[in-house]
Every structure is written in structure tokens, then in C-alpha cells.
Amino acid sequence: MNGCVLHVVGTRPNFVKAAPVVAALGAAGCDQVLVHTGQHYDARMSDIFFRQLGLPRPDTDLGVGSGSHARQTADLLVALEGELAARAPALVTVYGDVNSTLAAALVAAKLGVPVAHVEAGLRSFDMAMPEEVNRRLVDQLAELLFATSPEAVGHLAREGVAAERIHLVGNPMIDTLLTHLEQFDAAGARAAHRLPERYGVVTLHRPANVDDPQSAAAAARVLADAARHLDLVVPLHPRGRAALSAAGLADTPGVHLLDPLGYVEFMSLVRGAAAVITDSGGVQEETTVLGVPCLTLRTTTERPVTVTHGTNRLVRHGELVPALRKLLDGGGAAPPEGPPLWDGRAGGRIARVITGWLERHG
């Protein structure tokens, strides 16, 4: 086998998805390079994830940091071009749909380096979401497209992607969850944060919910209403902390604001929750496998399998509290099994495809 696989990660969901792929390729003897763009640069959003997930220390940390979409993507393009030119990898592997993912795929395409996209084919059909723009463009550039669900395969086929480039492999984020499942101590997390027996977890970070002051105020109001029925613990991404705090969420009875948490700490809270309120894609998937009812504060989702599976429901602001009350009254039973191939072995499937591709193109 010739040539290395260069992985590009930049945010905490990337780390969770990459960990089982990096581990499986390492077990197969593949030469690998791990590049962290620094899109999430706070230690609570980055360093702790590498330690807890067993990811190797990045070979390079580009330290790009935050900024507007244009500025951040431009900085990523410049930094990644130098890195890829110096490393000359055989394959660049990208994860999810963040700006680091798009920038790495664009740079690789311009340099003639093939791209593998883990979590390909997801579609919300909402082009107002930056992530939807990113994932569509990356899928057009990728040589290997790793899909987490049959719906994703169908989207790619309808967009004209050749069948031999698409691989239904399952969900590597679930590999990570199942690997660490025994570390998720719900009772310990509840005690550490002085929560009642029954509580909910909230994660909000998308622009539609937190960037605009009016949107943040609307989100804060509906969460205040929800907190009258269930104590809510809210680990706040830096993106949303200032806006939601300014909207008064920090002073709301029944709301427990926290700094960002490590993977194990956060998933321990989720495992013991009566319900989760989120706008995150990954959390929709994790709650599906844990059997925790999820209410997604969005009008669309790129992960419809979580809705059809019965564990997740899309809600608008006015629908949130009635839906939460229904769950608390016992209206949210979870199916006993997760979606197809969400079995903890996606990383191995991805590694077998990649090593086979390297052998053919080495």
C-alpha cells in the first residue's frame, strides 16, 4: 500500500466521526496524517475530545480560529493548500459539513488529490443553512462517498453520483458512542450538576436560533416556558452564549447554564435525560441510539431517519412545549434497535473501502 491518508478535522463533531476511522485504518497498517484546522479552538471544544476519544495528537494544528464564513473559509483555504502541497497525500478524508470540510475538499480538488467524504449524501434541502451548501459541494468533489443511511444513498444517486463511488457504511459517530457507552455515568452527571431526577438537555448553536438577537430572544422565551415543566441543563457553545445570555436565559428559573463539556460528560447528561432539545444534527443521531426522546428546534433535518425511526420530532417554537409535555406524559417510547448499520462497525467498513482503493491506485 502506497501513500498516506490525510484526515482534516476542525470541530467536535468531526472528532467524534473521525476517531473510529483513524483507529480502523491504523489497525490496517495505513500511513495517516491528522490535520486539525483549529475551527474549534477552545480546549473545552477541542483538546478534551482528542484525549477522551483516543485520537492521536494532530500532526498539524493550523489554528485558523473563528470569523465570518468568508474570512474563515479563506483562511482555511490558504492554510490547507500549504499543508496538502507539503504532505502530498494519496487521499484526503473529510468529515461532515463544516467550513473545514468544504475548504479541504476544494483545496484537494484544485491540487488533484482525491477526496473521501464521510457522512456524504445528507440533505436538509434548506439552502439557507451554511452546512447544506457545504455538504452539497463536497459531495460533488468527492471520489469516495460514505453514506450513513439509505436515504443519503438515494440523494446522491439522484444528483448523478456514480454508484461505484457511493458506499453505505453506517454511522461512525455511533461507533464512538457505543465504544464509550459504559463511561456515560448519568447518575454521576446528575449529581455533579445538582440536577433533579428528571431533567432535560438543551443544545442550540445554529445561526437561525442564536445569531440574530430577535431569534435568540425567541429561543430564550420558549426555553423559559419549557423550564416550567422540566429543569433544563444547557451546555452553551461560545457561539450562542452571549446572545442567549443577553436574552435573559441565564436568569431563568429551572435553567442550568454550563460551559462546553467534554464528550463523556455531555453524553452522560444526555443518557440520563428525560428529553433533549437541540438544533444539532449529531445529537439527533446520538439520542436515537440511546433511546432518549429528542425535539429538534428546526423546520428541516438532514437526518430524516431519526424522525422515521420515532425518536426525533421537528418542532417550531410554538410546538415545543406541547410536544415536551406529551413526552413527559409518556408519549415517547423508543424502538428497541437503531437504524440499519448503526452497529458500531462503520469505521471498519470505511477502512476496508479506503485500503482497497489505495491498493488499486497506489
# chains A, B, ... in the order shown; residues from 1 in each chain; ligands from 1

$ residues_around --residues "segment 167-182 of chain A" --least-positions-apart "2" --cutoff "9 Å" --atoms "only C-alpha atoms" --output "ChimeraX atom specification"
/A:13-14,16-21,53,118-119,144-150,152-153,163-165,184-185,264,267-268,282,285-286,289-290,339-350,353

$ residues_around --residues "Ala208 of chain A" --least-positions-apart "5" --cutoff "9 Å" --atoms "only C-alpha atoms" --output "list in words"
Met129, Ser215, Ala216 and Arg298 of chain A

$ write_last_selection --atoms "N, CA and C atoms" --output "PDB file, in the first residue's frame"
ATOM      1  N   MET A 129     -29.093  27.146   5.104  1.00  0.00           N
ATOM      2  CA  MET A 129     -28.154  26.587   6.068  1.00  0.00           C
ATOM      3  C   MET A 129     -26.770  26.516   5.451  1.00  0.00           C
ATOM      4  N   SER A 215     -34.013  36.256  17.128  1.00  0.00           N
ATOM      5  CA  SER A 215     -34.119  34.794  17.148  1.00  0.00           C
ATOM      6  C   SER A 215     -33.678  34.242  18.496  1.00  0.00           C
ATOM      7  N   ALA A 216     -32.582  34.793  19.033  1.00  0.00           N
ATOM      8  CA  ALA A 216     -32.106  34.338  20.338  1.00  0.00           C
ATOM      9  C   ALA A 216     -33.134  34.628  21.426  1.00  0.00           C
ATOM     10  N   ARG A 298     -36.044  22.993  14.705  1.00  0.00           N
ATOM     11  CA  ARG A 298     -35.758  23.336  13.319  1.00  0.00           C
ATOM     12  C   ARG A 298     -36.974  22.960  12.480  1.00  0.00           C
TER      13      ARG A 298
END

$ atom_distance --atom1 "atom CA of Val234 of chain A" --atom2 "atom CA of Gln183 of chain A"
20.8 Å

$ select_by_dssp --residues "segment 78-167 of chain A" --states "strand (DSSP E or B)" --output "PyMOL selection string"
chain A and resi 91-95+115-120+144-147+166-167

$ write_last_selection --atoms "N, CA and C atoms" --output "short mmCIF file (atom, residue, chain, number, x, y, z; two decimals), in the first residue's frame"
data_model
loop_
_atom_site.label_atom_id
_atom_site.label_comp_id
_atom_site.auth_asym_id
_atom_site.auth_seq_id
_atom_site.Cartn_x
_atom_site.Cartn_y
_atom_site.Cartn_z
N LEU A 91 -4.81 10.48 -0.48
CA LEU A 91 -6.24 10.67 -0.30
C LEU A 91 -6.45 11.65 0.86
N VAL A 92 -7.39 12.57 0.69
CA VAL A 92 -7.80 13.46 1.77
C VAL A 92 -9.18 13.03 2.24
N THR A 93 -9.33 12.77 3.53
CA THR A 93 -10.60 12.35 4.09
C THR A 93 -11.17 13.48 4.92
N VAL A 94 -12.42 13.84 4.62
CA VAL A 94 -13.10 14.94 5.32
C VAL A 94 -14.38 14.41 5.95
N TYR A 95 -14.88 15.15 6.93
CA TYR A 95 -15.98 14.67 7.76
C TYR A 95 -17.07 15.74 7.87
N VAL A 115 -10.64 12.91 -2.86
CA VAL A 115 -11.28 13.21 -1.58
C VAL A 115 -12.23 12.08 -1.21
N ALA A 116 -12.23 11.72 0.07
CA ALA A 116 -13.23 10.82 0.64
C ALA A 116 -14.08 11.63 1.60
N HIS A 117 -15.41 11.53 1.46
CA HIS A 117 -16.32 12.29 2.33
C HIS A 117 -17.09 11.33 3.23
N VAL A 118 -16.81 11.41 4.51
CA VAL A 118 -17.53 10.61 5.50
C VAL A 118 -18.77 11.39 5.93
N GLU A 119 -19.92 10.80 5.80
CA GLU A 119 -21.24 11.37 6.06
C GLU A 119 -21.76 12.08 4.80
N ALA A 120 -21.55 11.46 3.67
CA ALA A 120 -22.00 12.01 2.40
C ALA A 120 -23.50 11.80 2.21
N LEU A 144 -14.74 9.20 -3.12
CA LEU A 144 -15.37 8.16 -2.30
C LEU A 144 -16.39 8.84 -1.40
N LEU A 145 -17.63 8.35 -1.43
CA LEU A 145 -18.71 8.96 -0.65
C LEU A 145 -19.28 7.92 0.31
N PHE A 146 -19.09 8.15 1.60
CA PHE A 146 -19.52 7.20 2.63
C PHE A 146 -20.83 7.68 3.25
N ALA A 147 -21.90 6.93 3.00
CA ALA A 147 -23.24 7.31 3.43
C ALA A 147 -23.62 6.60 4.71
N ILE A 166 -20.29 5.44 -4.32
CA ILE A 166 -21.12 5.54 -3.11
C ILE A 166 -21.02 4.25 -2.30
N HIS A 167 -20.81 4.41 -0.99
CA HIS A 167 -20.69 3.25 -0.12
C HIS A 167 -21.55 3.47 1.13
#

$ residues_around --residues "Val233 of chain A" --least-positions-apart "5" --cutoff "10 Å" --atoms "only C-alpha atoms" --output "list of chain:residue names"
A:Arg190, A:His193, A:Leu195, A:Tyr199, A:Gly200, A:Val201, A:Val202, A:Thr203, A:Ala227, A:Gly254, A:Val255, A:His256, A:Leu257, A:Leu258, A:Leu269, A:Val270, A:Ala273, A:Val276

$ atom_distance --atom1 "atom CA of Leu55 of chain A" --atom2 "atom CA of Leu77 of chain A"
24.0 Å

$ atom_distance --atom1 "atom CA of Gly63 of chain A" --atom2 "atom CA of Gln39 of chain A"
7.2 Å

$ residues_around --residues "Gly362 of chain A" --least-positions-apart "3" --cutoff "10 Å" --atoms "only C-alpha atoms" --output "list of chain:residue names"
A:Met1, A:Asn2, A:Gly3, A:Cys4, A:Ala90, A:Thr355, A:Gly356, A:Trp357, A:Leu358, A:Glu359

$ write_last_selection --atoms "C-alpha atoms" --output "short mmCIF file (atom, residue, chain, number, x, y, z; two decimals), in the first residue's frame"
data_model
loop_
_atom_site.label_atom_id
_atom_site.label_comp_id
_atom_site.auth_asym_id
_atom_site.auth_seq_id
_atom_site.Cartn_x
_atom_site.Cartn_y
_atom_site.Cartn_z
CA MET A 1 0.00 0.00 0.00
CA ASN A 2 1.49 3.36 -1.04
CA GLY A 3 0.66 6.90 0.01
CA CYS A 4 -0.85 8.32 3.15
CA ALA A 90 -2.79 9.87 -1.70
CA THR A 355 -7.44 0.44 1.89
CA GLY A 356 -8.88 -1.30 -1.17
CA TRP A 357 -8.91 2.00 -3.05
CA LEU A 358 -5.29 2.70 -2.05
CA GLU A 359 -4.18 -0.72 -3.27
#

$ residues_around --residues "Leu249 of chain A" --least-positions-apart "4" --cutoff "8 Å" --atoms "only C-alpha atoms" --output "PyMOL selection string"
chain A and resi 220-221+223-224+244-245+255

$ select_by_dssp --residues "segment 74-319 of chain A" --states "alpha helix (DSSP H)" --output "ChimeraX atom specification"
/A:74-87,99-111,130-141,150-158,172-179,186-192,207-210,213-227,238-246,263-271,281-290,304-308,317-319

$ residues_around --residues "Phe50 of chain A" --least-positions-apart "3" --cutoff "10 Å" --atoms "only C-alpha atoms" --output "short mmCIF file (atom, residue, chain, number, x, y, z; two decimals) with C-alpha atoms, in the first residue's frame"
data_model
loop_
_atom_site.label_atom_id
_atom_site.label_comp_id
_atom_site.auth_asym_id
_atom_site.auth_seq_id
_atom_site.Cartn_x
_atom_site.Cartn_y
_atom_site.Cartn_z
CA ARG A 12 -16.02 18.50 17.82
CA PHE A 15 -13.53 14.43 16.01
CA VAL A 16 -16.31 12.04 17.03
CA ALA A 19 -11.98 8.58 15.76
CA ALA A 43 -9.73 23.48 24.92
CA MET A 45 -14.31 22.20 22.41
CA SER A 46 -11.15 20.55 21.10
CA ASP A 47 -8.31 19.23 23.29
CA LEU A 53 -11.74 9.72 22.10
CA GLY A 54 -8.23 8.31 21.87
CA LEU A 55 -7.42 10.32 18.75
CA PRO A 56 -3.69 10.73 18.14
CA ARG A 57 -2.24 14.16 18.67
CA PRO A 58 -2.69 16.12 15.41
CA GLY A 262 -16.21 17.05 27.11
CA TYR A 263 -17.66 14.19 25.11
#

$ residues_around --residues "Gln72 of chain A" --least-positions-apart "5" --cutoff "10 Å" --atoms "only C-alpha atoms" --output "number ranges by chain"
A: 39, 64-67, 77, 99-100, 103

$ closest_residue --among "A:Val98, A:Val78, A:Ala105, A:Ala323" --to "Ala226 of chain A" --atoms "only C-alpha atoms"
A:Ala323

$ closest_residue --among "A:Thr37, A:Arg241, A:Thr60, A:Arg271" --to "Ala86 of chain A" --atoms "only C-alpha atoms"
A:Thr60

$ closest_residue --among "A:Val22, A:Val9, A:Leu137, A:Leu297" --to "Gly38 of chain A" --atoms "only C-alpha atoms"
A:Val9

$ decode --residues "segment 245-261 of chain A" --atoms "C-alpha atoms" --output "PDB file, in the first residue's frame"
ATOM      1  CA  SER A 245     -27.479  35.235  27.983  1.00  0.00           C
ATOM      2  CA  ALA A 246     -28.336  38.709  26.708  1.00  0.00           C
ATOM      3  CA  ALA A 247     -31.858  37.438  26.052  1.00  0.00           C
ATOM      4  CA  GLY A 248     -32.208  36.555  29.726  1.00  0.00           C
ATOM      5  CA  LEU A 249     -31.779  32.775  29.627  1.00  0.00           C
ATOM      6  CA  ALA A 250     -29.144  32.850  32.376  1.00  0.00           C
ATOM      7  CA  ASP A 251     -31.663  34.287  34.838  1.00  0.00           C
ATOM      8  CA  THR A 252     -34.477  31.834  34.043  1.00  0.00           C
ATOM      9  CA  PRO A 253     -35.672  29.587  36.900  1.00  0.00           C
ATOM     10  CA  GLY A 254     -35.100  25.916  36.120  1.00  0.00           C
ATOM     11  CA  VAL A 255     -32.371  26.621  33.534  1.00  0.00           C
ATOM     12  CA  HIS A 256     -28.831  25.482  34.377  1.00  0.00           C
ATOM     13  CA  LEU A 257     -26.275  27.088  32.053  1.00  0.00           C
ATOM     14  CA  LEU A 258     -22.941  25.261  31.687  1.00  0.00           C
ATOM     15  CA  ASP A 259     -19.724  25.841  29.842  1.00  0.00           C
ATOM     16  CA  PRO A 260     -18.996  23.442  26.948  1.00  0.00           C
ATOM     17  CA  LEU A 261     -18.471  19.881  28.154  1.00  0.00           C
TER      18      LEU A 261
END
